[in-house]
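Below is one structure, written out as structure tokens; comments come after it.
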Amino acid sequence: MSSIGRVRAEAGAAWRSFLRRRTAVFFTFFFPVILILIFAVLVQTNPGDGGSGGGIFAEPPAYYLPGYLAVVVLFTPLSRVGSSVSRHRESNRYEKLATTPLTRAEWLLAHTLVNVVIIGLAGLIILALMALVTNAGVSFAALPAVAVFVALGVALFCGVGALLGSFASSQDGVIAASNAIALPLLFLSDTFVTPNLLPEWFRPVMNLSPLTYFARGVRELTYDAPSISVVGQSSPFDGWLINLAVLAVLSLVFFAAGARSIPQTD
């Protein structure tokens with residue numbers, strides 16, 4: 001069997017395993033619905049003051065689209081891949097896989113592709129709800145480029161999830177570690193909290209978060225207003241192509257690290 005055939009076979013098995021977990025399927029696709037209904041419909045936004053002193057929802061609805069997408073791009077791969085690696089370790093699945101031609105990189109690639117499909121569908125739900133229940137003027141002509149950002153973001157956090165699953169002692173430890181990483185990243189990566197609401201000394205730290213490049217790139221593709229990271233000063237990472245390039249490099253690094261960390265035997 002060729003490498004493509006091995007990846008296809010493992011991806012098919014992972015997809016069927018996901019579909020058999022009906023609770024996981026329900027909450028994976030229902031979670032974006034809850035997210036939009038709470039924050040975009042009930043809380044709404046208050047763009048009148050332009051984001052200066054109006055809280056985290058002081059921008060127009062379309063400004064927060066990268067944040068909504070970031071939730072599923074960040075949380076789902078961390079928990080799903082991390083739990084899968086940990087579960088395989090506990091059941092000694094990697095000892096069986098070590099007797100097959102399937103490599104660790106191929107295993108992670110197969111599970112990454114499944115997560116790209118799952119999160120891509122969840123992202124389409126978010127885009128549809130944003131168009132239906134808010135006045136967000138989302139540019140759907142940018143969807144192909146947004147899809148590339150989503151795929152790279154998923155690959156990056158699948159790699160991080162593999163690292164967590166390889167080093168955490170249990171599935172509970174994976175969930176705790178993924179939440180401890182995901183929650184700070186979500187709110188400190190130019191997603192829901194605008195940079196001018198943070199201390200000036202902290203703003204350069206946002207550039208250390210991979211999620212920042214995802215959020216800024218998607219925002220420049222879907223939001224008409226320019227992205228500003230410091231009041232009165234344009235971000236050095238303006239331009240979605242630059243953000244895409246940085247995200248691609250980081251995705252490659254974390255994916256490679258995650259694949260290397262997966263045990264051949266345990």
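In the structure tokens, each chain is lettered A, B, ... as it comes, each chain's residues begin at 1, and ligands are numbered from 1 in order of appearance.
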
Hey, what does DSSP flag as alpha helix (DSSP H) within segment 30-219 of chain A? Can you give it to me as a ChimeraX atom specification?
/A:30-36,65-90,93-97,104-133,143-167,171-187,210-219

Could you give me, as a list in words, the residues within 6 Å of segment 182-196 of chain A, counting only C-alpha atoms and dropping anything in the same chain fewer than 2 positions from it?
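The neighbour list is Ile56, Gly67, Ser178, Asn179, Ala180, Leu198, Met206, Leu211, Thr212, Ala215 and Ser229 of chain A.
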
Prev. selection, N, CA, C and O atoms, output as a tab-separated table (two decimals), in the first residue's frame:
chain	number	residue	atom	x	y	z
A	56	ILE	N	-15.11	44.38	25.10
A	56	ILE	CA	-14.61	43.48	24.08
A	56	ILE	C	-15.56	43.33	22.90
A	56	ILE	O	-15.22	42.71	21.91
A	67	GLY	N	-12.56	35.45	15.58
A	67	GLY	CA	-12.64	34.90	16.93
A	67	GLY	C	-13.53	33.69	17.01
A	67	GLY	O	-13.19	32.68	17.64
A	178	SER	N	-4.98	21.09	27.59
A	178	SER	CA	-5.49	21.77	26.40
A	178	SER	C	-6.30	22.99	26.79
A	178	SER	O	-6.19	24.05	26.13
A	179	ASN	N	-7.10	22.90	27.85
A	179	ASN	CA	-7.87	24.07	28.30
A	179	ASN	C	-6.95	25.16	28.85
A	179	ASN	O	-7.18	26.35	28.62
A	180	ALA	N	-5.90	24.74	29.56
A	180	ALA	CA	-4.96	25.72	30.12
A	180	ALA	C	-4.21	26.47	29.02
A	180	ALA	O	-3.82	27.63	29.20
A	198	LEU	N	-5.59	46.12	25.94
A	198	LEU	CA	-4.55	45.47	26.73
A	198	LEU	C	-3.45	46.46	27.08
A	198	LEU	O	-3.28	47.49	26.41
A	206	MET	N	1.54	39.47	21.99
A	206	MET	CA	0.51	38.85	21.16
A	206	MET	C	1.10	38.25	19.89
A	206	MET	O	0.56	37.29	19.34
A	211	LEU	N	-2.10	31.80	17.07
A	211	LEU	CA	-3.49	32.14	16.78
A	211	LEU	C	-3.64	33.58	16.33
A	211	LEU	O	-4.60	33.93	15.64
A	212	THR	N	-2.70	34.44	16.72
A	212	THR	CA	-2.74	35.84	16.30
A	212	THR	C	-2.66	35.97	14.79
A	212	THR	O	-3.39	36.76	14.17
A	215	ALA	N	-5.97	34.89	13.24
A	215	ALA	CA	-7.03	35.88	13.42
A	215	ALA	C	-6.82	37.11	12.54
A	215	ALA	O	-7.75	37.60	11.89
A	229	SER	N	-2.95	46.89	15.39
A	229	SER	CA	-2.60	46.20	16.62
A	229	SER	C	-2.19	47.16	17.72
A	229	SER	O	-2.24	46.82	18.89

Rounded to one decimal place, report the atom CA of Phe149 of chain A-atom CA of Gly123 of chain A distance in Å.
11.4 Å

Find the residues around segment 73-78 of chain A up to 10 Å (only C-alpha atoms counted), leave out those fewer than 4 positions away in its own chain, and share them as a PyMOL selection string.
chain A and resi 28+66-69+82-84+111-112+114-116+118-120+122-123+149-165+174-175+177-179+181-183+185-186+211+214

Written file, previous selection with C-alpha atoms, as a CSV table (one decimal), in the first residue's frame:
chain,number,residue,atom,x,y,z
A,28,THR,CA,-19.0,19.6,17.6
A,66,PRO,CA,-12.0,35.4,13.2
A,67,GLY,CA,-12.6,34.9,16.9
A,68,TYR,CA,-15.6,32.6,16.4
A,69,LEU,CA,-13.6,30.6,13.8
A,82,GLY,CA,-4.7,14.9,22.2
A,83,SER,CA,-7.3,12.5,23.5
A,84,SER,CA,-6.8,10.2,20.6
A,111,HIS,CA,-6.2,12.6,11.7
A,112,THR,CA,-5.4,16.2,10.7
A,114,VAL,CA,-10.4,14.5,9.3
A,115,ASN,CA,-10.2,17.4,11.7
A,116,VAL,CA,-9.9,19.8,8.7
A,118,ILE,CA,-14.9,18.5,10.6
A,119,ILE,CA,-13.8,22.1,11.5
A,120,GLY,CA,-14.4,23.2,7.9
A,122,ALA,CA,-18.3,23.9,11.6
A,123,GLY,CA,-16.7,27.0,10.0
A,149,PHE,CA,-6.0,29.6,7.0
A,150,VAL,CA,-8.4,27.1,8.7
A,151,ALA,CA,-6.5,24.1,7.3
A,152,LEU,CA,-3.1,25.5,8.4
A,153,GLY,CA,-4.5,26.4,11.8
A,154,VAL,CA,-6.0,23.0,12.3
A,155,ALA,CA,-2.7,21.3,11.3
A,156,LEU,CA,-0.8,23.5,13.8
A,157,PHE,CA,-3.1,22.7,16.7
A,158,CYS,CA,-3.3,19.0,15.7
A,159,GLY,CA,0.5,19.0,16.2
A,160,VAL,CA,0.1,20.7,19.6
A,161,GLY,CA,-2.6,18.2,20.5
A,162,ALA,CA,-0.2,15.3,19.6
A,163,LEU,CA,2.4,16.8,21.8
A,164,LEU,CA,0.0,17.1,24.7
A,165,GLY,CA,-1.3,13.5,24.1
A,174,VAL,CA,-4.8,16.1,28.1
A,175,ILE,CA,-8.1,17.9,28.6
A,177,ALA,CA,-3.6,20.9,29.6
A,178,SER,CA,-5.5,21.8,26.4
A,179,ASN,CA,-7.9,24.1,28.3
A,181,ILE,CA,-3.3,26.5,26.8
A,182,ALA,CA,-6.4,27.3,24.7
A,183,LEU,CA,-8.2,29.7,27.0
A,185,LEU,CA,-4.6,32.0,23.6
A,186,LEU,CA,-8.2,32.6,22.6
A,211,LEU,CA,-3.5,32.1,16.8
A,214,PHE,CA,-4.7,33.2,12.0

Would you compute the distance between atom CA of Arg260 of chain A and atom CA of Val7 of chain A? Give it in Å to one decimal.
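Between atom CA of Arg260 of chain A and atom CA of Val7 of chain A the gap works out to 16.7 Å.
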
Near Ala9 of chain A, within 12 Å and counting only C-alpha atoms, which residues show up once chain neighbours fewer than 4 positions away are dropped, as a ChimeraX atom specification?
/A:1-5,13-16,102,106-107,109-111,113-114

Written file, previous selection with C-alpha atoms, as a PDB file, in the first residue's frame:
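Generated output (result-v4.pdb):
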ATOM      1  CA  MET A   1       0.000   0.000   0.000  1.00  0.00           C
ATOM      2  CA  SER A   2       1.319   3.458  -0.914  1.00  0.00           C
ATOM      3  CA  SER A   3       1.667   6.320   1.551  1.00  0.00           C
ATOM      4  CA  ILE A   4      -1.484   7.947   0.123  1.00  0.00           C
ATOM      5  CA  GLY A   5      -3.355   4.687   0.538  1.00  0.00           C
ATOM      6  CA  ALA A  13     -11.172   4.784  10.094  1.00  0.00           C
ATOM      7  CA  ALA A  14     -10.851   8.029  12.081  1.00  0.00           C
ATOM      8  CA  TRP A  15     -13.871   9.532  10.293  1.00  0.00           C
ATOM      9  CA  ARG A  16     -16.030   6.473  11.024  1.00  0.00           C
ATOM     10  CA  LEU A 102       1.938   3.336   8.772  1.00  0.00           C
ATOM     11  CA  GLU A 106       1.069   9.526   8.227  1.00  0.00           C
ATOM     12  CA  TRP A 107      -1.076   8.737  11.264  1.00  0.00           C
ATOM     13  CA  LEU A 109      -1.717  13.574   8.774  1.00  0.00           C
ATOM     14  CA  ALA A 110      -4.759  11.292   8.487  1.00  0.00           C
ATOM     15  CA  HIS A 111      -6.247  12.593  11.733  1.00  0.00           C
ATOM     16  CA  LEU A 113      -7.312  15.749   7.444  1.00  0.00           C
ATOM     17  CA  VAL A 114     -10.353  14.450   9.319  1.00  0.00           C
TER      18      VAL A 114
END

Residues near Leu129 of chain A, anyone? I mean within 9 Å using only C-alpha atoms, not counting same-chain ones fewer than 2 positions away, as number ranges by chain.
A: 32-33, 36-37, 124-127, 131-134

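Nearest residue to Val117 of chain A among A:Ala176, A:Ala147, A:Ala58, A:Ala105 is A:Ala147, counting only C-alpha atoms.
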
Using only C-alpha atoms, which residue out of A:Phe57, A:Tyr94, A:Phe27, A:Phe18 lies closest to Gln264 of chain A?
A:Tyr94

Correct to one decimal, the distance atom CA of Ala257 of chain A-atom CA of Ala70 of chain A is 21.7 Å

Find the spatial neighbours of Val249 of chain A, counting only C-alpha atoms, within a cut-off of 12 Å - ignore same-chain residues fewer than 3 positions away - and output them as number ranges by chain.
A: 152-153, 155-156, 210, 213, 242-246, 252-256

Could you write those residues out with N, CA and C atoms, as a short mmCIF file (atom, residue, chain, number, x, y, z; two decimals), in the first residue's frame?
data_model
loop_
_atom_site.label_atom_id
_atom_site.label_comp_id
_atom_site.auth_asym_id
_atom_site.auth_seq_id
_atom_site.Cartn_x
_atom_site.Cartn_y
_atom_site.Cartn_z
N LEU A 152 -4.44 25.34 7.79
CA LEU A 152 -3.14 25.50 8.43
C LEU A 152 -3.28 25.60 9.95
N GLY A 153 -4.31 26.33 10.40
CA GLY A 153 -4.53 26.43 11.84
C GLY A 153 -4.85 25.08 12.46
N ALA A 155 -3.93 22.12 11.29
CA ALA A 155 -2.70 21.33 11.28
C ALA A 155 -1.78 21.73 12.43
N LEU A 156 -1.69 23.03 12.69
CA LEU A 156 -0.83 23.52 13.77
C LEU A 156 -1.29 22.97 15.11
N PRO A 210 0.56 31.78 17.85
CA PRO A 210 0.22 31.39 16.47
C PRO A 210 -1.20 31.78 16.09
N TYR A 213 -1.80 35.18 14.16
CA TYR A 213 -1.63 35.27 12.71
C TYR A 213 -2.85 34.71 11.98
N ILE A 242 1.35 37.79 4.49
CA ILE A 242 2.42 37.67 5.49
C ILE A 242 1.95 36.81 6.64
N ASN A 243 0.71 37.06 7.09
CA ASN A 243 0.16 36.25 8.17
C ASN A 243 0.04 34.79 7.74
N LEU A 244 -0.34 34.57 6.49
CA LEU A 244 -0.45 33.20 5.98
C LEU A 244 0.90 32.51 5.96
N ALA A 245 1.94 33.23 5.53
CA ALA A 245 3.28 32.65 5.48
C ALA A 245 3.79 32.28 6.87
N VAL A 246 3.58 33.18 7.84
CA VAL A 246 4.01 32.90 9.21
C VAL A 246 3.25 31.70 9.76
N LEU A 252 4.00 23.90 10.02
CA LEU A 252 4.96 22.87 9.66
C LEU A 252 5.81 22.46 10.86
N VAL A 253 6.24 23.45 11.63
CA VAL A 253 7.10 23.18 12.79
C VAL A 253 6.34 22.36 13.84
N PHE A 254 5.12 22.79 14.18
CA PHE A 254 4.37 22.10 15.23
C PHE A 254 3.87 20.74 14.75
N PHE A 255 3.53 20.63 13.48
CA PHE A 255 3.10 19.33 12.97
C PHE A 255 4.26 18.33 13.03
N ALA A 256 5.44 18.78 12.61
CA ALA A 256 6.61 17.90 12.63
C ALA A 256 6.95 17.50 14.08
#
